[in-house]
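**Q** Okay, here's the structure, questions in a sec.
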Amino acid sequence: MMGEETQSLHLDKGLSVKEEELGQAEGKMSQVEDAQPEEVEEEDEEEDEEALPHSEFLDIFEEGLARLVQDPLLCDLPIQVTLEEVNSQVALEYGQAMTVRVCKADGEVMPIVVVQNATVLDLKKAIQRFMELKQQREGGVKHVSWRYVWRTFHLVFQGEKLDDDKMKLKDYGIRNRDEVTFMKRLRKK
């Protein structure tokens with residue numbers, strides 16, 4: 001150092017640092033660099049100790065999910081909710097989706113969520129997904145032949161059959177919370 005320990009170094013943009021302070025900072029940096037490998041090893045050990053078994057992690061996740069589903073926005077969803085169901089509920093709240101109530105012959109009503117510009121095919125796929133999730137949760141029938149279902153039954157809205165899979169629900173006049181009936185086809189002789 002050039003004689004005076006308090007001589008200043010001028011850096012970019014008019015900043016200055018005293019050489020003595022610079023030397024102290026360099027000394028601290030070398031101490032930190034020397035200590036880093038040990039600290040990294042300690043952090044790895046802490047992470048290993050904090051790592052949870054998969055089953056415990058799932059339990060914690062399900063508890064958090066149960067608390068989340070208690071939110072007024074998501075209270076209609078089941079406890080074992082899927083991401084698809086959460087996204088559908090959020091889309092409903094933002095007006096990007098609508099609920100079509102599908103009535104079965106036994107009186108059961110299925111609330112099916114589809115996007116605003118959905119086609120009849122989209123509604124059929126949403127019904128299939130709804131039934132698959134319901135069967136998984138209730139432990140019902142493992143497999144349903146949907147080809148058989150759609151050959152045997154059709155959807156009806158205000159007396160009109162929804163025959164054209166490519167036609168939009170709006171074109172049939174179906175709006176949010178409208179009821180569509182799941183009816184058995186009559187055989188032609």
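How things are named: the first chain in the structure tokens is A, the next is B, and so on; residues count from 1 in each chain; ligands count from 1 in the order shown.
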Which residues in range 60-156 of chain A does DSSP call helix (DSSP H, G or I)? List them as an NGL selection string.
**A** :A and (60-69 or 83-93 or 120-138 or 146-152)
**Q** Can you tell me which residues surround Asp164 in chain A at a distance of at most 12 Å, considering only C-alpha atoms, apart from same-chain residues fewer than 4 positions away, and format the answer as a ChimeraX atom specification?
**A** /A:119-124,154-156,160,168-169,171-172
**Q** In Å, how far is it from CA of Asn117 in chain A to CA of Lys170 in chain A?
**A**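 For CA of Asn117 in chain A relative to CA of Lys170 in chain A, the distance reads 7.0 Å.
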**Q** Between CA of Pro111 in chain A and CA of Thr99 in chain A, what is the distance in Å, rounded to a tenth?
**A**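 One can read the CA of Pro111 in chain A to CA of Thr99 in chain A distance as 6.1 Å.
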**Q** Go through A:Arg187, A:Arg175, A:Arg67, A:Arg137 and flag the residue nearest Val114 in chain A, using only C-alpha atoms for the distances.
**A**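 Checking each candidate against Val114 in chain A, we get A:Arg175 as the closest.
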**Q** Enter the distance from CA of Leu74 in chain A to CA of Gly173 in chain A, in Å, rounded to one decimal.
**A**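 Rounded to one decimal, the two atoms are 28.0 Å apart.
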**Q** Enumerate the residues of range 72-177 of chain A with a DSSP assignment of strand (DSSP E or B), computed from the backbone, and present them as an MDAnalysis selection string.
**A** chainID A and resid 97:103 109:115 119 153:157 160:161 168
**Q** Using only C-alpha atoms, which protein or nucleic acid residues come within 12 Å of Asp76 in chain A? Drop anything in the same chain fewer than 2 positions from it, and give the result as a VMD selection string.
**A** chain A and resid 68 to 74 78 to 81 85 to 86 88 to 90 92 111
